[in-house]
Every structure is written in structure tokens, then in C-alpha cells.
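To start, the structure itself, in C-alpha cells.
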Amino acid sequence: MIQHFRHACLVAASAAALLSARSPARAATLPPGLTEQEIGMTVERARQAFNVPGVAVAVVHDGQIVFSHGYGRRAEDKASAPVDARTLFAIGSNTKEFTATALAQLVEQGKLDWDDRVIDHMPEFRVADPWITRDFRVSDLLTHHSGMGLGAGDLMLFSHSTFTRPEILAGLPFMPFTGPFRAQYAYNNLLYVVAGALVERLTGQSWEDAVQTRLIDAASLPACQSTPPVRGQADVATGAGESENLPDRASLRLPAVAPAGGIWCSADGMARWAQVYLAGGRTPEGKAVFSLASRDTLWSPHALLPLPDTAAATKTHFRAYGFGWFMEDFFGRKRVWHTGTIGGMVSYVTFLPELRTGIVVLTNQDDHHATYAIATTLSAYAATGTSADWVAHWRDAKNAEQAARAKAAASTGPGSPARPFITLSDSARQDYVGTYRDAWRGPITISLRGRDLRMAFSHADGLTGTLSALPHDLFVVRWDNRAQDGADDAYVQFERDVSGKPVGLTMRVIESDFSFDAQDLHPKKE
């Protein structure tokens, strides 16, 4: 049962204050019901419960940044420098609201309409169904109801991918549809990359330059950038399992995923972004970056979602997706929010517009439970003056998930009595060797290294692993990079023709990372 903790131990709050790297004091006050003590205590409890190295939190209220602090350290290394209000974090899918806002600016300029067909601006655009291709609207790029499955195409964006944006566009026609068009919600990064390509087409700039100049610089967001940090930038967080070594600018390969998740920003930068949004597109100095009408369009429901498991506890009766934003009712108030997970970091931006309040949470641990716990707690205090113990709630949820996975692994998982590993003969192993080509992901190579069968993906720097055999042509691939890819170990099922020769394979992730969409692969042996 979720317990209230408003009057919890002051010792934890004192410790939080000592660990906090604070920006200069603000004249304005926090929203009623929310205090620095509660923020510090919540952050420190979450850091300890979920082993989060560093957190940055900012609060905007009544048009001002009233709180912007860093807690903990910038990396897993306990000797790393402390987080402060200007530490750069990867904000992941909170980038989507920047891409959607860039399109809104183009709508304001008359260069685009939300109901325009994509092919009228990008004639090369294609999806698997010709009718859907012809009727696919700009708004359909942003609402996650295309009919493609959850995380469709993410293997072209993540997992060491080296695909370019033109290559991603070329692969779209091969992405399978798993549901009806405009009827089922399924979160999709791929189409936000297309939205980014549309920004490029209509502005004549790269997505990175367009977002940097037209949004980040135009709104004067401090410590915020549309490209990854490079060597020489000192105040940068490092995500779980990631290297602290930053690339040279000259050798930096800009990822295709950027329009869906490429921005790096600080608590101060995201707080000013929240100021602009709460002010209907205007900076605190009065400069118009985008219009109130655009903000309201982006914040309007365009696709309905199922209610979350926490709906009863937060008095939530609806949830929807707009253009780059989630929205729901929250203790009788409208709440607009988005999260982002990339490179071992998680971000959370949430608004209570009727209370003129925005909250930003940035972490360098890829456990979303911590970020959800902090953001939900602070939002509840701002909305109601009190909060359930969301740290305990999400800790218990995580423990239950881990216990369920452990039970499944022990009973039916690879290596369990139900699925024992077996040893293949040299000739049996040789049978599987070859190149398997998937229509959208490209070649996947199965080779021998000594007595080990090895799998390697093309268009990826280091997505390689060793295959271990189970009965009936079933294998498990265990990826070499355990820190980044260990959670994406997958089943590999080979298919044979009537003569008994392997002719193809299918894959499925053992656990549940939707961004490793192996289930959409259908490679055939060349």
C-alpha cells in the first residue's frame, strides 16, 4: 500500500541539502505545497532506492524558475564531479516536443499544414501499404497510431546503429503493420525521424541546425544543444553503462535518431524551455518563439491511450497523446508531460498548466522507476499539497518485475530444465553459417569463431554476440557488450526448408525492451 511521507525524517533532507549543487537563490517561491525540503528528500530517497548516481531537478512557477539544483555525481564513477544546474544530460524522447514544435513553426509560417499529405512534401515517402502512403498526413507522424508495432524500426536507430536518415526513409516500406491505421496506439520513434527529415526539407537546414537556431538559440536555452557533447565540454553527465570519453567534433557521427531523441540539455535549459511553453511560446523577455495557438494544438489530445496502472491512485480518468506530448487528468488538474530514455539516462518534463507550474527531472541512470518516482511525487505535492510514497511504490513495482523475470527464467528460460542448452557437433554448427538478409535491417552474419557460433549485425558498431544452442534449432544470442546490450539478449529461431537446410531466422528479445524490435526481423539466408 502506498503510504504518505510528507513528515518523513528531516535527516534525509539535510543530507540532500549537503549533496546538492545549488544555483543562485531565486526571489520567487515554489508552488504552494512543494518545498525544497520535500524535493531534496524525495531525490535522495530515489537515488538510494534505485542506485542513481546523479539527478538534476528544476521547477518553474508563475513564469519564473524558482528551483534548479543538482544532486549526486555526473557518472557511475564515485570520483566523478558533482551534478549542477548546468550539467548536460541526454533528454531522449523529450526531444520529440522540439521536433513537433519545429513543425508548428512551419505551420505558422504557411509552409505546412497539419493535414497535408507527407508525400506532397516528400515524394519519396513510402510505407508498406500504398493506400496508407497516399493518405499519411503530417499529423500522423507525431501521434503513434500509424499501425506499425511498438518500437517498430528501432533497430535502425539504436543498438550501435550507423544508419543515415535517407537509409531509414528507404527502409520504411518494409516495416510491417501490426494494427489498423489511426486506430491503435503504439509508441514509434521511426516516424519522428521522418518528421525531422520533413523539417530539413522545408527549412533547407539540417534538423540539428534548425532546432538549434529556431528553438534552442531563439529561446536562449542555457546549456542546451541539438548535438551530442564533444571533447572539451566538461560539465556533462554519463549514462549507465556508457563511456565517459567524448568524441572529437571532427569525428562525431550525428545519429539518425536525433529528431526522436538526440538533444542534450541541463536543468536550467529545460527549465527555461518550460517557462516558454507555460507562457504560450514566449520567452520571459517577451520574444515570441512560437504561438499560443501552436502550443495549444501540441497540447491537445490527438490519440487516446489506455489508462495507466496508477490511475486510481492519481485520480486519472483519461490519457492521450498530442503532438510530442502526453496529457491526462491528475488529481482533478490537467497534466502534460513526456519522458525520455537514451544512452543510460532518463528525463521527465511535466506541467500543471492551470497551476502555472512545470517540473524537470534529469537522471544518469536508465532505471525509469527513479525518474517516475521523483516526478510523480513533486507533481502530487504541487497539485494537492501532499503525496503518496511513490518511491516505495516504484521500488516495489521494480522488485515485483525482477521477481517475475527471475521466476520465468528459472522455470522456462534458457538453460532451465524446460529449455536446457545442448552441444552441437561441428557439422551441425556449420549448417547455420552464412549471411541472412532482412529487407529493412540489412545483412546479419552467422560465422564460426573457434567452436562458437557468432552473430553480427551490419550497419552497427559492435552489435555482435555468441549463440548458445537449445533444442529444435533454437538459440540464445548473448551480446558481447554486457553494459549496453545485456538486457537485449534474444532468442534466435532458425527456419528450415523441406530439404532440411536453414533458410531463415526469426528473433525475440528474452526480456521486454521494445526498442530492440527483433520480432520484426525476418532475415532470409542468401
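By convention in this document, the chains of the C-alpha cells carry letters A, B, ... by their order, each chain's residues are numbered from 1, and ligands are numbered from 1 in the order they are shown.
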Once you count only C-alpha atoms, what closest atom pair and distance in Å to one decimal does each residue of region 228-345 of chain A within 10 Å of region 100-111 of chain A have, with rows by chain and rising residue number, as JSON lines?
{"residue": "A:Pro259", "atom": "CA", "partner": "A:Ala100", "partner_atom": "CA", "distance": 9.3}
{"residue": "A:Ala260", "atom": "CA", "partner": "A:Ala100", "partner_atom": "CA", "distance": 9.9}
{"residue": "A:Gly281", "atom": "CA", "partner": "A:Thr101", "partner_atom": "CA", "distance": 9.6}
{"residue": "A:Val289", "atom": "CA", "partner": "A:Gln105", "partner_atom": "CA", "distance": 8.2}
{"residue": "A:Phe290", "atom": "CA", "partner": "A:Gln105", "partner_atom": "CA", "distance": 6.0}
{"residue": "A:Ser291", "atom": "CA", "partner": "A:Glu108", "partner_atom": "CA", "distance": 7.9}
{"residue": "A:Ala293", "atom": "CA", "partner": "A:Glu108", "partner_atom": "CA", "distance": 9.3}
{"residue": "A:Ser294", "atom": "CA", "partner": "A:Ala104", "partner_atom": "CA", "distance": 5.9}
{"residue": "A:Arg295", "atom": "CA", "partner": "A:Thr101", "partner_atom": "CA", "distance": 8.0}
{"residue": "A:Thr297", "atom": "CA", "partner": "A:Ala104", "partner_atom": "CA", "distance": 8.7}
{"residue": "A:Leu298", "atom": "CA", "partner": "A:Ala100", "partner_atom": "CA", "distance": 7.5}
{"residue": "A:Gly322", "atom": "CA", "partner": "A:Ala100", "partner_atom": "CA", "distance": 9.8}
{"residue": "A:Phe323", "atom": "CA", "partner": "A:Ala100", "partner_atom": "CA", "distance": 6.1}
{"residue": "A:Gly324", "atom": "CA", "partner": "A:Ala100", "partner_atom": "CA", "distance": 5.7}
{"residue": "A:Trp325", "atom": "CA", "partner": "A:Ala100", "partner_atom": "CA", "distance": 9.1}
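The residue that comes closest to Ala388 (chain A), out of A:Asp296, A:Thr42, A:Pro180, A:Ala223 and on the basis of only C-alpha atoms, is A:Thr42.
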I'd like the neighbourhood of region 482-492 of chain A as a short mmCIF file (atom, residue, chain, number, x, y, z; two decimals) with N, CA and C atoms, in the first residue's frame, where a residue qualifies if any of its atoms comes within 9 Å (using only C-alpha atoms), though same-chain residues fewer than 3 positions away should be ignored.
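Writing the result to out18.cif gives the following:
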data_model
loop_
_atom_site.label_atom_id
_atom_site.label_comp_id
_atom_site.auth_asym_id
_atom_site.auth_seq_id
_atom_site.Cartn_x
_atom_site.Cartn_y
_atom_site.Cartn_z
N SER A 159 21.04 0.62 -30.62
CA SER A 159 21.87 -0.59 -30.65
C SER A 159 23.03 -0.45 -31.62
N ALA A 240 24.32 5.30 -17.51
CA ALA A 240 24.67 3.97 -17.02
C ALA A 240 25.21 3.11 -18.16
N GLY A 241 26.38 2.52 -17.93
CA GLY A 241 26.99 1.64 -18.91
C GLY A 241 27.68 2.34 -20.06
N GLU A 242 27.71 3.67 -20.04
CA GLU A 242 28.31 4.42 -21.13
C GLU A 242 29.73 4.86 -20.78
N GLY A 343 20.83 6.28 -23.97
CA GLY A 343 22.22 6.32 -23.52
C GLY A 343 22.39 6.18 -22.02
N GLY A 344 21.53 5.37 -21.37
CA GLY A 344 21.67 5.17 -19.94
C GLY A 344 21.16 6.31 -19.09
N PRO A 414 16.04 -19.77 -20.90
CA PRO A 414 17.16 -20.52 -21.48
C PRO A 414 18.08 -21.07 -20.40
N LEU A 463 27.41 -4.53 -32.56
CA LEU A 463 26.28 -5.36 -32.16
C LEU A 463 26.58 -6.80 -32.58
N GLY A 465 27.47 -10.99 -30.94
CA GLY A 465 27.29 -11.85 -29.78
C GLY A 465 27.48 -13.31 -30.13
N LEU A 467 26.14 -17.31 -30.00
CA LEU A 467 24.93 -18.10 -30.00
C LEU A 467 25.13 -19.37 -29.18
N ASP A 473 16.55 -26.17 -33.18
CA ASP A 473 17.04 -25.03 -33.95
C ASP A 473 16.85 -23.70 -33.24
N LEU A 474 16.70 -23.73 -31.94
CA LEU A 474 16.54 -22.51 -31.14
C LEU A 474 17.85 -22.17 -30.46
N PHE A 475 18.23 -20.89 -30.47
CA PHE A 475 19.47 -20.44 -29.85
C PHE A 475 19.16 -19.22 -28.98
N VAL A 476 20.13 -18.88 -28.16
CA VAL A 476 20.12 -17.61 -27.45
C VAL A 476 21.38 -16.86 -27.86
N VAL A 477 21.22 -15.60 -28.29
CA VAL A 477 22.38 -14.78 -28.57
C VAL A 477 22.65 -13.92 -27.34
N ARG A 478 23.85 -14.01 -26.84
CA ARG A 478 24.30 -13.22 -25.69
C ARG A 478 25.28 -12.18 -26.23
N TRP A 479 24.89 -10.90 -26.14
CA TRP A 479 25.66 -9.84 -26.76
C TRP A 479 26.95 -9.58 -26.01
N LEU A 505 15.61 -16.99 -40.32
CA LEU A 505 15.55 -16.96 -38.87
C LEU A 505 14.58 -15.89 -38.40
N THR A 506 14.12 -16.05 -37.19
CA THR A 506 13.35 -15.01 -36.50
C THR A 506 13.98 -14.80 -35.13
N MET A 507 13.64 -13.65 -34.51
CA MET A 507 14.23 -13.33 -33.21
C MET A 507 13.17 -12.75 -32.29
N ARG A 508 13.43 -12.89 -31.00
CA ARG A 508 12.58 -12.26 -29.99
C ARG A 508 13.42 -12.00 -28.75
N VAL A 509 13.35 -10.77 -28.23
CA VAL A 509 14.11 -10.43 -27.03
C VAL A 509 13.60 -11.24 -25.85
N ILE A 510 14.52 -11.76 -25.02
CA ILE A 510 14.13 -12.59 -23.88
C ILE A 510 13.34 -11.78 -22.87
N GLU A 511 13.76 -10.53 -22.64
CA GLU A 511 13.03 -9.70 -21.69
C GLU A 511 12.04 -8.81 -22.44
N SER A 512 12.06 -7.50 -22.26
CA SER A 512 10.96 -6.71 -22.82
C SER A 512 11.38 -5.33 -23.32
N ASP A 513 12.54 -5.18 -23.91
CA ASP A 513 12.96 -3.88 -24.43
C ASP A 513 12.33 -3.66 -25.80
N PHE A 516 14.39 -2.74 -28.93
CA PHE A 516 15.16 -3.76 -29.64
C PHE A 516 14.12 -4.64 -30.32
N ALA A 518 13.41 -6.91 -32.33
CA ALA A 518 13.87 -8.09 -33.06
C ALA A 518 12.71 -8.88 -33.65
#
Counting only C-alpha atoms, what is within 10 Å of Asp77 (chain A), bar same-chain residues fewer than 6 positions away, as a list in words?
Pro53, Thr238 and Glu244 of chain A
From the DSSP assignment of the backbone, select every residue of region 171-246 of chain A that is alpha helix (DSSP H), and format the answer as a PyMOL selection string.
chain A and resi 171+190-203+207-211
Name the closest residue to Ile422 (chain A) among the candidates A:Ala469, A:Ala392, A:Met148, A:Leu305; distances are taken between atoms, counting only C-alpha atoms.
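Comparing A:Ala469, A:Ala392, A:Met148, A:Leu305 against Ile422 (chain A), the winner is A:Ala469.
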Rounded to one decimal, what separation in Å do you get between CA of Met175 (chain A) and CA of Ala303 (chain A)?
21.3 Å
Give me, as a ChimeraX atom specification, all polymer residues having an atom no more than 12 Å from Lys287 (chain A), counting only C-alpha atoms and skipping those fewer than 2 positions away in the same chain.
/A:215,217-220,276,279-285,289-291
Go ahead and dump the residues you just picked, C-alpha atoms, as a short mmCIF file (atom, residue, chain, number, x, y, z; two decimals), in the first residue's frame.
data_model
loop_
_atom_site.label_atom_id
_atom_site.label_comp_id
_atom_site.auth_asym_id
_atom_site.auth_seq_id
_atom_site.Cartn_x
_atom_site.Cartn_y
_atom_site.Cartn_z
CA LEU A 215 14.24 26.90 -30.91
CA ASP A 217 19.01 29.71 -29.52
CA ALA A 218 15.80 31.61 -30.25
CA ALA A 219 14.53 30.82 -26.75
CA SER A 220 18.01 31.35 -25.23
CA VAL A 276 8.48 29.35 -22.72
CA ALA A 279 3.98 31.36 -21.46
CA GLY A 280 2.43 30.16 -24.71
CA GLY A 281 5.62 30.26 -26.75
CA ARG A 282 7.13 33.49 -25.41
CA THR A 283 10.40 33.94 -23.54
CA PRO A 284 10.40 35.75 -20.18
CA GLU A 285 11.63 38.82 -22.07
CA VAL A 289 9.34 31.72 -30.39
CA PHE A 290 6.06 30.04 -31.35
CA SER A 291 2.42 30.95 -30.86
#
So which residues touch Ala311 (chain A) within 12 Å, counting only C-alpha atoms, skipping near sequence neighbours fewer than 4 positions away, as a PyMOL selection string?
chain A and resi 306-307+315-319+328-332
Taking N, CA, C and O atoms for each residue, export the selection above as a PDB file, in the first residue's frame.
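That gives us again-v9.pdb:
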ATOM      1  N   PRO A 306      -4.632   3.815 -23.289  1.00  0.00           N
ATOM      2  CA  PRO A 306      -5.194   3.131 -22.121  1.00  0.00           C
ATOM      3  C   PRO A 306      -4.773   3.845 -20.839  1.00  0.00           C
ATOM      4  O   PRO A 306      -3.748   4.528 -20.789  1.00  0.00           O
ATOM      5  N   LEU A 307      -5.563   3.678 -19.795  1.00  0.00           N
ATOM      6  CA  LEU A 307      -5.207   4.257 -18.505  1.00  0.00           C
ATOM      7  C   LEU A 307      -4.021   3.524 -17.906  1.00  0.00           C
ATOM      8  O   LEU A 307      -3.866   2.308 -18.087  1.00  0.00           O
ATOM      9  N   LYS A 315      -6.140   9.573  -9.494  1.00  0.00           N
ATOM     10  CA  LYS A 315      -7.467  10.049  -9.934  1.00  0.00           C
ATOM     11  C   LYS A 315      -7.434  10.442 -11.411  1.00  0.00           C
ATOM     12  O   LYS A 315      -7.924  11.513 -11.814  1.00  0.00           O
ATOM     13  N   THR A 316      -6.845   9.551 -12.206  1.00  0.00           N
ATOM     14  CA  THR A 316      -6.721   9.772 -13.646  1.00  0.00           C
ATOM     15  C   THR A 316      -7.844   9.045 -14.379  1.00  0.00           C
ATOM     16  O   THR A 316      -8.027   7.847 -14.190  1.00  0.00           O
ATOM     17  N   HIS A 317      -8.586   9.786 -15.207  1.00  0.00           N
ATOM     18  CA  HIS A 317      -9.729   9.217 -15.924  1.00  0.00           C
ATOM     19  C   HIS A 317      -9.501   9.118 -17.428  1.00  0.00           C
ATOM     20  O   HIS A 317     -10.250   8.444 -18.125  1.00  0.00           O
ATOM     21  N   PHE A 318      -8.495   9.834 -17.951  1.00  0.00           N
ATOM     22  CA  PHE A 318      -8.172   9.708 -19.368  1.00  0.00           C
ATOM     23  C   PHE A 318      -6.673   9.924 -19.546  1.00  0.00           C
ATOM     24  O   PHE A 318      -6.013  10.566 -18.720  1.00  0.00           O
ATOM     25  N   ARG A 319      -6.153   9.370 -20.601  1.00  0.00           N
ATOM     26  CA  ARG A 319      -4.774   9.641 -21.019  1.00  0.00           C
ATOM     27  C   ARG A 319      -4.773   9.700 -22.534  1.00  0.00           C
ATOM     28  O   ARG A 319      -5.448   8.910 -23.206  1.00  0.00           O
ATOM     29  N   GLU A 328      -3.126  14.065 -19.488  1.00  0.00           N
ATOM     30  CA  GLU A 328      -4.064  13.303 -18.681  1.00  0.00           C
ATOM     31  C   GLU A 328      -4.633  14.218 -17.605  1.00  0.00           C
ATOM     32  O   GLU A 328      -4.164  15.356 -17.420  1.00  0.00           O
ATOM     33  N   ASP A 329      -5.656  13.742 -16.899  1.00  0.00           N
ATOM     34  CA  ASP A 329      -6.081  14.455 -15.704  1.00  0.00           C
ATOM     35  C   ASP A 329      -5.359  13.835 -14.506  1.00  0.00           C
ATOM     36  O   ASP A 329      -5.096  12.629 -14.466  1.00  0.00           O
ATOM     37  N   PHE A 330      -5.021  14.680 -13.538  1.00  0.00           N
ATOM     38  CA  PHE A 330      -4.154  14.300 -12.434  1.00  0.00           C
ATOM     39  C   PHE A 330      -4.665  15.017 -11.189  1.00  0.00           C
ATOM     40  O   PHE A 330      -4.499  16.230 -11.071  1.00  0.00           O
ATOM     41  N   PHE A 331      -5.340  14.280 -10.311  1.00  0.00           N
ATOM     42  CA  PHE A 331      -5.949  14.890  -9.128  1.00  0.00           C
ATOM     43  C   PHE A 331      -6.815  16.094  -9.501  1.00  0.00           C
ATOM     44  O   PHE A 331      -6.784  17.140  -8.864  1.00  0.00           O
ATOM     45  N   GLY A 332      -7.586  15.930 -10.569  1.00  0.00           N
ATOM     46  CA  GLY A 332      -8.507  16.984 -10.978  1.00  0.00           C
ATOM     47  C   GLY A 332      -7.895  18.093 -11.796  1.00  0.00           C
ATOM     48  O   GLY A 332      -8.592  19.050 -12.160  1.00  0.00           O
TER      49      GLY A 332
END
Check the DSSP output for the backbone and give back, as a PyMOL selection string, the residues of region 241-306 of chain A in strand (DSSP E or B).
chain A and resi 264-265+282+288+303-305
Judged by only C-alpha atoms, the minimum distance to Trp207 (chain A) among A:Gln275, A:Ser300, A:Thr95, A:Ser266 is found for A:Thr95
Write out as a PyMOL selection string each polymer residue whose atoms come within 10 Å of region 442-459 of chain A, counting only C-alpha atoms; drop sequence neighbours fewer than 4 positions from it.
chain A and resi 155-156+159-164+171+424-426+429-430+432-438+463-469+475+477-479+492+521+523-526
Can you write out the residues you just picked, keeping N, CA and C atoms, as a tab-separated table (two decimals), in the first residue's frame?
chain	number	residue	atom	x	y	z
A	155	LEU	N	15.62	-0.81	-34.29
A	155	LEU	CA	16.94	-1.40	-34.55
A	155	LEU	C	17.70	-0.65	-35.64
A	156	MET	N	17.02	0.24	-36.37
A	156	MET	CA	17.73	1.12	-37.30
A	156	MET	C	18.19	2.41	-36.61
A	159	SER	N	21.04	0.62	-30.62
A	159	SER	CA	21.87	-0.59	-30.65
A	159	SER	C	23.03	-0.45	-31.62
A	160	HIS	N	23.80	0.66	-31.45
A	160	HIS	CA	25.03	0.91	-32.22
A	160	HIS	C	24.76	1.19	-33.69
A	161	SER	N	23.55	1.55	-34.04
A	161	SER	CA	23.19	1.73	-35.45
A	161	SER	C	24.02	2.83	-36.11
A	162	THR	N	24.38	2.58	-37.37
A	162	THR	CA	25.05	3.60	-38.19
A	162	THR	C	24.19	4.01	-39.39
A	163	PHE	N	22.90	3.68	-39.36
A	163	PHE	CA	22.01	4.08	-40.45
A	163	PHE	C	21.94	5.59	-40.55
A	164	THR	N	21.79	6.08	-41.78
A	164	THR	CA	21.56	7.51	-42.03
A	164	THR	C	20.05	7.74	-42.14
A	171	GLY	N	14.02	2.33	-45.79
A	171	GLY	CA	13.59	1.10	-45.13
A	171	GLY	C	12.14	1.09	-44.69
A	424	LEU	N	26.30	-28.86	-29.92
A	424	LEU	CA	26.17	-29.27	-31.30
A	424	LEU	C	27.48	-29.83	-31.83
A	425	SER	N	27.38	-30.72	-32.79
A	425	SER	CA	28.57	-31.22	-33.47
A	425	SER	C	29.13	-30.13	-34.39
A	426	ASP	N	30.38	-30.33	-34.84
A	426	ASP	CA	30.99	-29.35	-35.73
A	426	ASP	C	30.18	-29.19	-37.02
A	429	ARG	N	26.94	-27.17	-36.38
A	429	ARG	CA	27.19	-25.73	-36.25
A	429	ARG	C	27.42	-25.10	-37.62
A	430	GLN	N	28.16	-25.79	-38.47
A	430	GLN	CA	28.48	-25.26	-39.80
A	430	GLN	C	27.21	-25.02	-40.62
A	432	TYR	N	24.51	-23.61	-39.92
A	432	TYR	CA	23.86	-22.32	-39.73
A	432	TYR	C	24.67	-21.14	-40.30
A	433	VAL	N	25.93	-21.38	-40.63
A	433	VAL	CA	26.82	-20.31	-41.05
A	433	VAL	C	26.35	-19.69	-42.37
A	434	GLY	N	26.39	-18.39	-42.44
A	434	GLY	CA	26.03	-17.70	-43.68
A	434	GLY	C	25.54	-16.29	-43.41
A	435	THR	N	25.10	-15.63	-44.48
A	435	THR	CA	24.55	-14.29	-44.38
A	435	THR	C	23.04	-14.35	-44.53
A	436	TYR	N	22.34	-13.72	-43.62
A	436	TYR	CA	20.88	-13.67	-43.62
A	436	TYR	C	20.48	-12.20	-43.82
A	437	ARG	N	19.71	-11.95	-44.86
A	437	ARG	CA	19.38	-10.56	-45.20
A	437	ARG	C	17.93	-10.25	-44.86
A	438	ASP	N	17.76	-9.16	-44.09
A	438	ASP	CA	16.43	-8.67	-43.76
A	438	ASP	C	16.12	-7.46	-44.63
A	463	LEU	N	27.41	-4.53	-32.56
A	463	LEU	CA	26.28	-5.36	-32.16
A	463	LEU	C	26.58	-6.80	-32.58
A	464	THR	N	27.37	-7.48	-31.75
A	464	THR	CA	27.82	-8.85	-32.01
A	464	THR	C	27.63	-9.67	-30.76
A	465	GLY	N	27.47	-10.99	-30.94
A	465	GLY	CA	27.29	-11.85	-29.78
A	465	GLY	C	27.48	-13.31	-30.13
A	466	THR	N	27.48	-14.15	-29.11
A	466	THR	CA	27.69	-15.59	-29.24
A	466	THR	C	26.36	-16.31	-29.11
A	467	LEU	N	26.14	-17.31	-30.00
A	467	LEU	CA	24.93	-18.10	-30.00
A	467	LEU	C	25.13	-19.37	-29.18
A	468	SER	N	24.20	-19.65	-28.26
A	468	SER	CA	24.20	-20.89	-27.48
A	468	SER	C	22.97	-21.69	-27.86
A	469	ALA	N	23.17	-22.99	-28.14
A	469	ALA	CA	22.10	-23.81	-28.72
A	469	ALA	C	21.15	-24.37	-27.67
A	475	PHE	N	18.23	-20.89	-30.47
A	475	PHE	CA	19.47	-20.44	-29.85
A	475	PHE	C	19.16	-19.22	-28.98
A	477	VAL	N	21.22	-15.60	-28.29
A	477	VAL	CA	22.38	-14.78	-28.57
A	477	VAL	C	22.65	-13.92	-27.34
A	478	ARG	N	23.85	-14.01	-26.84
A	478	ARG	CA	24.30	-13.22	-25.69
A	478	ARG	C	25.28	-12.18	-26.23
A	479	TRP	N	24.89	-10.90	-26.14
A	479	TRP	CA	25.66	-9.84	-26.76
A	479	TRP	C	26.95	-9.58	-26.01
A	492	VAL	N	16.95	-16.79	-30.92
A	492	VAL	CA	17.11	-16.84	-32.37
A	492	VAL	C	16.58	-18.20	-32.83
A	521	LEU	N	12.06	-8.65	-37.40
A	521	LEU	CA	13.06	-9.14	-38.35
A	521	LEU	C	12.62	-10.47	-38.96
A	523	PRO	N	14.89	-12.27	-41.53
A	523	PRO	CA	16.01	-12.43	-42.48
A	523	PRO	C	15.97	-13.79	-43.19
A	524	LYS	N	16.32	-13.75	-44.46
A	524	LYS	CA	16.39	-14.97	-45.27
A	524	LYS	C	17.85	-15.23	-45.64
A	525	LYS	N	18.23	-16.50	-45.65
A	525	LYS	CA	19.61	-16.87	-45.94
A	525	LYS	C	19.91	-16.68	-47.41
A	526	GLU	N	21.05	-16.04	-47.67
A	526	GLU	CA	21.43	-15.79	-49.06
A	526	GLU	C	22.14	-17.00	-49.65
Looking at only C-alpha atoms, which of A:Val193, A:Leu172, A:Met270, A:Ala237 is the one that sits closest to Ser68 (chain A)?
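Among the listed residues, the smallest separation from Ser68 (chain A) belongs to A:Met270.
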